[in-house]
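Colleague: Structure supplied as my_file-v1.txt; contents: compact mmCIF, C-alpha atoms.
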# COMPACT_ATOMS: atom_id res chain seq x y z
CA GLY A 1 -5.82 23.66 -23.83
CA GLU A 2 -9.46 22.80 -24.39
CA SER A 3 -10.22 20.81 -27.49
CA VAL A 4 -13.60 20.57 -29.08
CA GLY A 5 -14.72 18.05 -31.62
CA LEU A 6 -18.22 16.77 -32.25
CA HIS A 7 -17.02 14.47 -35.02
CA LEU A 8 -14.14 12.35 -33.90
CA PRO A 9 -11.76 11.16 -36.60
CA THR A 10 -12.27 7.45 -37.04
CA LEU A 11 -9.78 4.77 -37.98
CA SER A 12 -11.24 1.47 -39.14
CA VAL A 13 -8.98 -1.56 -39.26
CA GLN A 14 -9.38 -5.26 -39.71
CA GLU A 15 -8.63 -7.55 -36.83
CA GLY A 16 -5.02 -8.66 -36.96
CA ASP A 17 -3.78 -5.63 -38.87
CA ASN A 18 -1.55 -2.96 -37.36
CA SER A 19 -3.11 0.38 -36.41
CA ILE A 20 -1.38 3.73 -36.42
CA ILE A 21 -3.05 6.63 -34.66
CA ASN A 22 -1.58 10.07 -35.16
CA CYS A 23 -1.56 13.20 -33.07
CA ALA A 24 -0.25 16.70 -33.70
CA TYR A 25 0.68 18.40 -30.46
CA SER A 26 0.70 22.10 -29.90
CA ASN A 27 3.70 23.18 -27.86
CA SER A 28 7.31 22.68 -28.89
CA ALA A 29 8.27 23.04 -25.21
CA SER A 30 6.24 19.98 -24.18
CA ASP A 31 8.53 17.46 -22.50
CA TYR A 32 6.25 14.54 -21.73
CA PHE A 33 3.58 12.77 -23.74
CA ILE A 34 1.01 10.12 -22.93
CA TRP A 35 -1.45 8.00 -24.87
CA TYR A 36 -4.72 7.10 -23.21
CA LYS A 37 -7.46 4.69 -24.28
CA GLN A 38 -11.05 5.48 -23.35
CA GLU A 39 -13.84 2.98 -23.73
CA SER A 40 -17.43 4.14 -23.78
CA GLY A 41 -18.63 5.27 -20.36
CA LYS A 42 -15.26 4.75 -18.69
CA GLY A 43 -12.34 6.87 -17.62
CA PRO A 44 -9.16 7.11 -19.73
CA GLN A 45 -6.75 4.24 -19.29
CA PHE A 46 -2.98 4.82 -19.46
CA ILE A 47 -1.36 3.01 -22.40
CA ILE A 48 2.16 4.30 -22.81
CA ASP A 49 4.22 7.43 -22.29
CA ILE A 50 7.37 8.98 -23.69
CA ARG A 51 9.68 11.79 -22.69
CA SER A 52 10.94 14.36 -25.14
CA ASN A 53 14.49 13.01 -25.02
CA MET A 54 13.34 9.83 -26.72
CA ASP A 55 12.14 9.12 -30.26
CA LYS A 56 10.44 5.81 -29.72
CA ARG A 57 9.30 3.60 -26.90
CA GLN A 58 7.80 0.13 -27.00
CA GLY A 59 5.29 -1.52 -24.74
CA GLN A 60 3.27 -4.65 -25.01
CA ARG A 61 1.86 -4.60 -28.57
CA VAL A 62 2.14 -0.80 -28.63
CA THR A 63 4.82 1.59 -29.80
CA VAL A 64 4.85 5.35 -29.34
CA SER A 65 6.91 7.49 -31.70
CA LEU A 66 7.80 11.13 -31.26
CA ASN A 67 8.91 13.53 -33.98
CA LYS A 68 9.76 16.81 -32.32
CA THR A 69 10.67 18.50 -35.58
CA VAL A 70 7.09 18.46 -36.79
CA LYS A 71 5.46 18.12 -33.35
CA HIS A 72 3.96 14.77 -34.17
CA LEU A 73 3.16 11.82 -31.95
CA SER A 74 1.93 8.42 -33.08
CA LEU A 75 0.70 5.24 -31.47
CA GLN A 76 1.11 1.93 -33.26
CA ILE A 77 -0.90 -1.05 -32.12
CA ALA A 78 0.30 -4.38 -33.45
CA ALA A 79 -2.12 -7.17 -34.36
CA THR A 80 -5.17 -5.09 -33.51
CA GLN A 81 -7.89 -6.91 -31.60
CA PRO A 82 -11.62 -6.18 -31.13
CA GLY A 83 -10.86 -5.21 -27.54
CA ASP A 84 -8.72 -2.36 -28.85
CA SER A 85 -11.83 -0.59 -30.12
CA ALA A 86 -12.06 2.69 -28.21
CA VAL A 87 -11.26 6.39 -28.42
CA TYR A 88 -7.57 7.16 -28.14
CA PHE A 89 -6.30 10.46 -26.78
CA CYS A 90 -2.80 11.87 -26.87
CA ALA A 91 -1.82 14.29 -24.12
CA GLU A 92 1.15 16.61 -23.72
CA LYS A 93 2.66 18.27 -20.69
CA TRP A 94 4.94 21.23 -20.47
CA SER A 95 5.97 23.44 -17.56
CA THR A 96 2.97 22.93 -15.31
CA ASP A 97 1.32 19.81 -13.99
CA LYS A 98 -1.47 20.10 -16.50
CA LEU A 99 -2.03 17.71 -19.37
CA ILE A 100 -3.37 19.09 -22.61
CA PHE A 101 -5.48 16.55 -24.44
CA GLY A 102 -5.93 16.13 -28.16
CA THR A 103 -9.34 15.76 -29.73
CA GLY A 104 -9.22 11.97 -29.82
CA THR A 105 -9.42 9.30 -32.52
CA ARG A 106 -11.98 6.53 -32.58
CA LEU A 107 -10.52 3.13 -33.46
CA GLN A 108 -12.97 0.59 -34.86
CA VAL A 109 -11.82 -2.98 -35.31
CA PHE A 110 -13.71 -5.23 -37.70
CA PRO A 111 -13.53 -9.02 -37.73
CA GLY B 1 -0.79 -0.55 -9.30
CA ALA B 2 -1.92 3.08 -9.80
CA VAL B 3 -5.61 2.47 -9.26
CA VAL B 4 -8.00 5.39 -8.86
CA SER B 5 -11.61 4.96 -7.83
CA GLN B 6 -14.58 7.28 -7.98
CA HIS B 7 -17.86 7.21 -6.14
CA PRO B 8 -20.61 7.27 -7.12
CA SER B 9 -20.36 5.95 -10.67
CA TRP B 10 -23.59 7.68 -11.57
CA VAL B 11 -26.02 10.00 -9.86
CA ILE B 12 -29.38 11.52 -10.71
CA CYS B 13 -30.49 14.53 -8.72
CA LYS B 14 -33.06 17.29 -8.75
CA SER B 15 -32.19 20.79 -9.84
CA GLY B 16 -30.99 22.90 -6.92
CA THR B 17 -29.48 20.09 -4.90
CA SER B 18 -25.77 19.53 -4.25
CA VAL B 19 -23.85 16.45 -5.27
CA LYS B 20 -20.54 15.23 -3.88
CA ILE B 21 -18.19 13.03 -5.90
CA GLU B 22 -15.26 11.26 -4.26
CA CYS B 23 -11.96 10.39 -5.90
CA ARG B 24 -9.54 8.02 -4.18
CA SER B 25 -6.08 6.78 -5.05
CA LEU B 26 -6.11 3.19 -3.80
CA ASP B 27 -2.49 2.09 -3.92
CA PHE B 28 -0.43 5.26 -3.99
CA GLN B 29 -0.35 8.67 -2.38
CA ALA B 30 -1.58 11.38 -4.69
CA THR B 31 -0.03 14.73 -3.98
CA THR B 32 -1.96 16.21 -6.87
CA MET B 33 -5.42 15.38 -8.15
CA PHE B 34 -7.20 16.78 -11.15
CA TRP B 35 -10.88 17.12 -11.99
CA TYR B 36 -12.10 16.97 -15.57
CA ARG B 37 -15.41 17.29 -17.28
CA GLN B 38 -16.25 15.55 -20.53
CA PHE B 39 -19.20 16.12 -22.85
CA PRO B 40 -20.31 13.43 -25.33
CA LYS B 41 -17.89 12.88 -28.19
CA GLN B 42 -15.54 15.54 -26.86
CA SER B 43 -12.16 15.55 -25.21
CA LEU B 44 -11.47 16.05 -21.53
CA MET B 45 -11.70 19.58 -20.18
CA LEU B 46 -9.64 20.31 -17.09
CA MET B 47 -11.69 22.03 -14.39
CA ALA B 48 -9.22 22.31 -11.54
CA THR B 49 -6.00 21.07 -10.01
CA SER B 50 -5.83 20.31 -6.31
CA ASN B 51 -2.82 19.71 -4.12
CA GLU B 52 -3.17 18.01 -0.77
CA GLY B 53 -3.70 20.51 2.01
CA SER B 54 -4.02 23.59 -0.18
CA LYS B 55 -6.68 25.37 -2.18
CA ALA B 56 -7.52 24.14 -5.63
CA THR B 57 -6.45 26.03 -8.73
CA TYR B 58 -9.35 26.47 -11.09
CA GLU B 59 -9.19 26.84 -14.84
CA GLN B 60 -10.51 29.95 -16.47
CA GLY B 61 -14.27 29.93 -16.72
CA VAL B 62 -14.83 27.37 -13.97
CA GLU B 63 -16.83 28.77 -11.05
CA LYS B 64 -15.06 28.15 -7.75
CA ASP B 65 -18.22 28.59 -5.69
CA LYS B 66 -20.14 26.15 -7.81
CA PHE B 67 -17.55 23.39 -8.02
CA LEU B 68 -16.07 23.01 -4.55
CA ILE B 69 -12.93 20.90 -4.35
CA ASN B 70 -11.42 19.52 -1.19
CA HIS B 71 -8.17 17.53 -1.16
CA ALA B 72 -8.03 16.72 2.52
CA SER B 73 -5.68 13.74 2.40
CA LEU B 74 -3.11 12.16 0.12
CA THR B 75 -5.64 9.60 -1.06
CA LEU B 76 -8.91 11.51 -1.24
CA SER B 77 -10.25 14.47 -3.15
CA THR B 78 -13.90 15.48 -3.39
CA LEU B 79 -15.79 17.57 -5.91
CA THR B 80 -19.10 19.06 -4.81
CA VAL B 81 -21.40 20.45 -7.45
CA THR B 82 -23.47 22.98 -5.55
CA SER B 83 -26.99 23.95 -6.55
CA ALA B 84 -26.82 21.71 -9.58
CA HIS B 85 -28.72 22.63 -12.73
CA PRO B 86 -29.45 20.60 -15.87
CA GLU B 87 -26.54 22.23 -17.70
CA ASP B 88 -24.20 20.69 -15.10
CA SER B 89 -25.14 17.25 -16.36
CA SER B 90 -21.93 15.69 -17.64
CA PHE B 91 -19.31 13.02 -17.14
CA TYR B 92 -16.91 14.03 -14.37
CA ILE B 93 -13.54 12.30 -14.20
CA CYS B 94 -10.75 12.66 -11.69
CA SER B 95 -7.10 11.77 -12.05
CA ALA B 96 -4.30 11.42 -9.54
CA ARG B 97 -0.57 11.89 -9.70
CA GLY B 98 1.98 10.86 -7.10
CA ASP B 99 5.25 12.54 -6.22
CA SER B 100 7.42 10.20 -8.23
CA ARG B 101 5.09 9.97 -11.16
CA GLN B 102 4.53 12.31 -14.06
CA THR B 103 1.65 10.22 -15.31
CA GLN B 104 -1.90 10.98 -14.35
CA TYR B 105 -4.02 7.93 -13.62
CA PHE B 106 -7.73 8.32 -14.12
CA GLY B 107 -10.76 7.20 -12.20
CA PRO B 108 -13.68 5.47 -13.94
CA GLY B 109 -15.75 8.65 -14.04
CA THR B 110 -19.06 9.77 -12.55
CA ARG B 111 -22.04 10.45 -14.75
CA LEU B 112 -24.22 13.22 -13.35
CA LEU B 113 -27.75 13.83 -14.56
CA VAL B 114 -29.58 16.83 -13.14
CA LEU B 115 -33.33 16.84 -13.71
Using structure tokens, write down the structure from this file.
Modeller:
Amino acid sequence: GESVGLHLPTLSVQEGDNSIINCAYSNSASDYFIWYKQESGKGPQFIIDIRSNMDKRQGQRVTVSLNKTVKHLSLQIAATQPGDSAVYFCAEKWSTDKLIFGTGTRLQVFP
Amino acid sequence: GAVVSQHPSWVICKSGTSVKIECRSLDFQATTMFWYRQFPKQSLMLMATSNEGSKATYEQGVEKDKFLINHASLTLSTLTVTSAHPEDSSFYICSARGDSRQTQYFGPGTRLLVL
């Protein structure tokens, strides 16, 4: 469950555009998924979650989509703002309490 | 709701000393707390899982005698890095999960620098 990545994938978007961050998860038995946002020097902040019996879930300006067929999770941020700049991690959970984190994607928002 | 705090936020210590980091759930009871370690530009690595009143479960490769975890109450878990060395320098983050929640809520992290 440990992921290693010295070079985080980076998504650069212009302020006001929509952002889509993708994540491929590892276990087809995973039943719960979470997106976290981590700003530099801070702990991860919960954004939105989804259970495996759902395909899509909406929050405030964010939408999480789940495609179990291809084990793919995505996070869409509408009208991206400079404050959205951070590293975004997806996490999956299966039979135990443990969360398995993805490698993360850095979102950079330009004015 | 679901606020988790950590103390201290950063600590600098000499090699060979021990450092204790506290993790508190402020507005809910955390039956399970988790301790992670994060190196720069990397993802979170789970070190151990602790349940209130019982021994922690450590991940493979994590030394139990070096990273002592105590989950004495439903709102407090502590991580003690014993005989710290420079290679223990890292960002340590805790998370907490309540009975009715599947979500883990994270603390702000503690940056440890061992000289």
Colleague: Compile the contact shell of Gly43 of chain A as number ranges by chain: residues with an atom at most 7 Å away, counting all atoms listed in the file, same-chain residues fewer than 4 positions apart removed.
Modeller: A: 38; B: 93, 106-109
Colleague: What does the structure give for the distance between atom CA of Ser54 of chain B and atom CA of Glu87 of chain B, in Å to one decimal?
Modeller: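 According to the coordinates, atom CA of Ser54 of chain B and atom CA of Glu87 of chain B are separated by 28.6 Å.
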Colleague: Using all atoms listed in the file, which residues sit within 9 Å of Trp94 of chain A once same-chain residues fewer than 2 positions away are excluded, as a PDB file with C-alpha atoms, in the coordinates of the input?
Modeller:
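File produced: selection-v7.pdb:
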ATOM      1  CA  ASN A  27       3.700  23.180 -27.860  1.00  0.00           C
ATOM      2  CA  SER A  28       7.310  22.680 -28.890  1.00  0.00           C
ATOM      3  CA  ALA A  29       8.270  23.040 -25.210  1.00  0.00           C
ATOM      4  CA  SER A  30       6.240  19.980 -24.180  1.00  0.00           C
ATOM      5  CA  ASP A  31       8.530  17.460 -22.500  1.00  0.00           C
ATOM      6  CA  TYR A  32       6.250  14.540 -21.730  1.00  0.00           C
ATOM      7  CA  GLU A  92       1.150  16.610 -23.720  1.00  0.00           C
ATOM      8  CA  THR A  96       2.970  22.930 -15.310  1.00  0.00           C
ATOM      9  CA  ASP A  97       1.320  19.810 -13.990  1.00  0.00           C
ATOM     10  CA  LYS A  98      -1.470  20.100 -16.500  1.00  0.00           C
ATOM     11  CA  LEU A  99      -2.030  17.710 -19.370  1.00  0.00           C
ATOM     12  CA  ILE A 100      -3.370  19.090 -22.610  1.00  0.00           C
TER      13      ILE A 100
END
Colleague: Got a sec to pull out which chain A residues are within 12 Å of chain B, counting only C-alpha atoms, and send them as a ChimeraX atom specification?
Modeller: /A:1-10,31-51,86-106
Colleague: As an exercise, work out the distance from atom CA of Leu112 of chain B to atom CA of Ser73 of chain B in Å and give it to one decimal place.
Modeller: 24.3 Å
Colleague: Restricting the calculation to all atoms listed in the file, which member of B:Met47, B:Ala84, B:Ala72, B:Leu113 is positioned closest to Thr17 of chain B?
Modeller: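 Comparing B:Met47, B:Ala84, B:Ala72, B:Leu113 against Thr17 of chain B, the winner is B:Ala84.
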Colleague: Could you jot down the atom CA of Leu68 of chain B to atom CA of Ser50 of chain B separation for me, Å, one decimal place?
Modeller: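 Atom CA of Leu68 of chain B sits 10.7 Å away from atom CA of Ser50 of chain B.
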Colleague: So which residues touch Gly16 of chain A within 10 Å, counting only C-alpha atoms, skipping near sequence neighbours fewer than 4 positions away, as an MDAnalysis selection string?
Modeller: chainID A and resid 77:82 109:111
Colleague: Extract chain A from the preceding block and save C-alpha atoms as a compact mmCIF listing (two decimals), in the first residue's frame.
Modeller:
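Result went into part09.txt, see below:
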# COMPACT_ATOMS: atom_id res chain seq x y z
CA GLY A 1 0.00 0.00 0.00
CA GLU A 2 2.98 2.33 0.04
CA SER A 3 3.31 4.61 -2.93
CA VAL A 4 6.48 6.32 -3.94
CA GLY A 5 6.83 9.22 -6.31
CA LEU A 6 9.52 11.86 -6.38
CA HIS A 7 7.92 13.60 -9.35
CA LEU A 8 4.27 14.27 -8.75
CA PRO A 9 2.07 14.51 -11.83
CA THR A 10 1.04 18.11 -12.24
CA LEU A 11 -2.17 19.55 -13.62
CA SER A 12 -2.06 23.22 -14.58
CA VAL A 13 -5.34 25.04 -15.12
CA GLN A 14 -6.45 28.58 -15.56
CA GLU A 15 -8.53 30.20 -12.88
CA GLY A 16 -12.21 29.71 -13.62
CA ASP A 17 -11.75 26.55 -15.66
CA ASN A 18 -12.86 23.12 -14.49
CA SER A 19 -10.22 20.68 -13.24
CA ILE A 20 -10.35 16.92 -13.48
CA ILE A 21 -7.92 14.89 -11.42
CA ASN A 22 -7.72 11.18 -12.10
CA CYS A 23 -6.75 8.22 -9.99
CA ALA A 24 -6.36 4.53 -10.76
CA TYR A 25 -6.99 2.42 -7.70
CA SER A 26 -5.53 -0.97 -7.07
CA ASN A 27 -8.09 -3.31 -5.54
CA SER A 28 -11.37 -4.30 -7.16
CA ALA A 29 -12.65 -5.22 -3.68
CA SER A 30 -12.28 -1.66 -2.39
CA ASP A 31 -15.63 -0.41 -1.15
CA TYR A 32 -14.94 3.14 -0.06
CA PHE A 33 -12.98 5.97 -1.63
CA ILE A 34 -11.92 9.40 -0.45
CA TRP A 35 -10.31 12.45 -2.01
CA TYR A 36 -8.02 14.55 0.16
CA LYS A 37 -6.41 17.92 -0.49
CA GLN A 38 -3.02 18.65 1.03
CA GLU A 39 -1.50 22.10 1.07
CA SER A 40 2.20 22.55 1.63
CA GLY A 41 3.21 21.83 5.21
CA LYS A 42 -0.28 20.81 6.31
CA GLY A 43 -2.17 17.61 6.92
CA PRO A 44 -4.58 16.19 4.32
CA GLN A 45 -8.01 17.77 4.30
CA PHE A 46 -11.11 15.69 3.53
CA ILE A 47 -12.86 16.82 0.34
CA ILE A 48 -15.41 14.20 -0.63
CA ASP A 49 -16.02 10.48 -0.40
CA ILE A 50 -17.97 7.83 -2.27
CA ARG A 51 -19.02 4.26 -1.61
CA SER A 52 -18.68 1.54 -4.19
CA ASN A 53 -22.45 1.28 -4.68
CA MET A 54 -22.48 4.74 -6.23
CA ASP A 55 -21.15 6.08 -9.53
CA LYS A 56 -21.11 9.76 -8.77
CA ARG A 57 -21.45 12.09 -5.84
CA GLN A 58 -21.54 15.87 -5.75
CA GLY A 59 -20.35 18.29 -3.14
CA GLN A 60 -19.81 21.98 -3.13
CA ARG A 61 -17.97 22.71 -6.40
CA VAL A 62 -16.62 19.15 -6.45
CA THR A 63 -17.84 15.93 -8.00
CA VAL A 64 -16.36 12.48 -7.49
CA SER A 65 -16.94 9.81 -10.12
CA LEU A 66 -16.27 6.11 -9.77
CA ASN A 67 -15.83 3.61 -12.59
CA LYS A 68 -15.48 0.19 -11.04
CA THR A 69 -15.08 -1.55 -14.38
CA VAL A 70 -11.71 0.05 -14.98
CA LYS A 71 -10.92 0.85 -11.33
CA HIS A 72 -10.86 4.56 -11.95
CA LEU A 73 -11.73 7.45 -9.67
CA SER A 74 -11.88 11.10 -10.64
CA LEU A 75 -12.36 14.42 -8.91
CA GLN A 76 -13.83 17.35 -10.80
CA ILE A 77 -13.46 20.84 -9.40
CA ALA A 78 -15.73 23.43 -10.96
CA ALA A 79 -14.58 27.02 -11.51
CA THR A 80 -11.11 26.35 -10.13
CA GLN A 81 -9.74 29.03 -7.83
CA PRO A 82 -6.17 29.89 -6.75
CA GLY A 83 -7.01 28.50 -3.31
CA ASP A 84 -7.53 25.09 -4.91
CA SER A 85 -3.80 24.85 -5.62
CA ALA A 86 -2.52 21.86 -3.64
CA VAL A 87 -1.66 18.19 -3.93
CA TYR A 88 -4.68 15.94 -4.24
CA PHE A 89 -4.64 12.33 -3.05
CA CYS A 90 -7.16 9.61 -3.68
CA ALA A 91 -7.46 6.86 -1.10
CA GLU A 92 -9.21 3.49 -1.15
CA LYS A 93 -10.33 1.19 1.62
CA TRP A 94 -11.17 -2.45 1.52
CA SER A 95 -11.61 -5.04 4.25
CA THR A 96 -9.50 -3.45 6.95
CA ASP A 97 -9.54 0.00 8.47
CA LYS A 98 -6.52 1.03 6.46
CA LEU A 99 -6.58 3.59 3.69
CA ILE A 100 -4.30 3.06 0.73
CA PHE A 101 -3.18 6.35 -0.77
CA GLY A 102 -2.38 7.12 -4.38
CA THR A 103 0.76 8.95 -5.37
CA GLY A 104 -0.93 12.35 -5.55
CA THR A 105 -1.44 15.00 -8.22
CA ARG A 106 -0.31 18.58 -7.90
CA LEU A 107 -2.89 21.11 -9.07
CA GLN A 108 -1.55 24.51 -10.09
CA VAL A 109 -4.00 27.30 -10.79
CA PHE A 110 -2.88 30.25 -12.87
CA PRO A 111 -4.62 33.62 -12.99
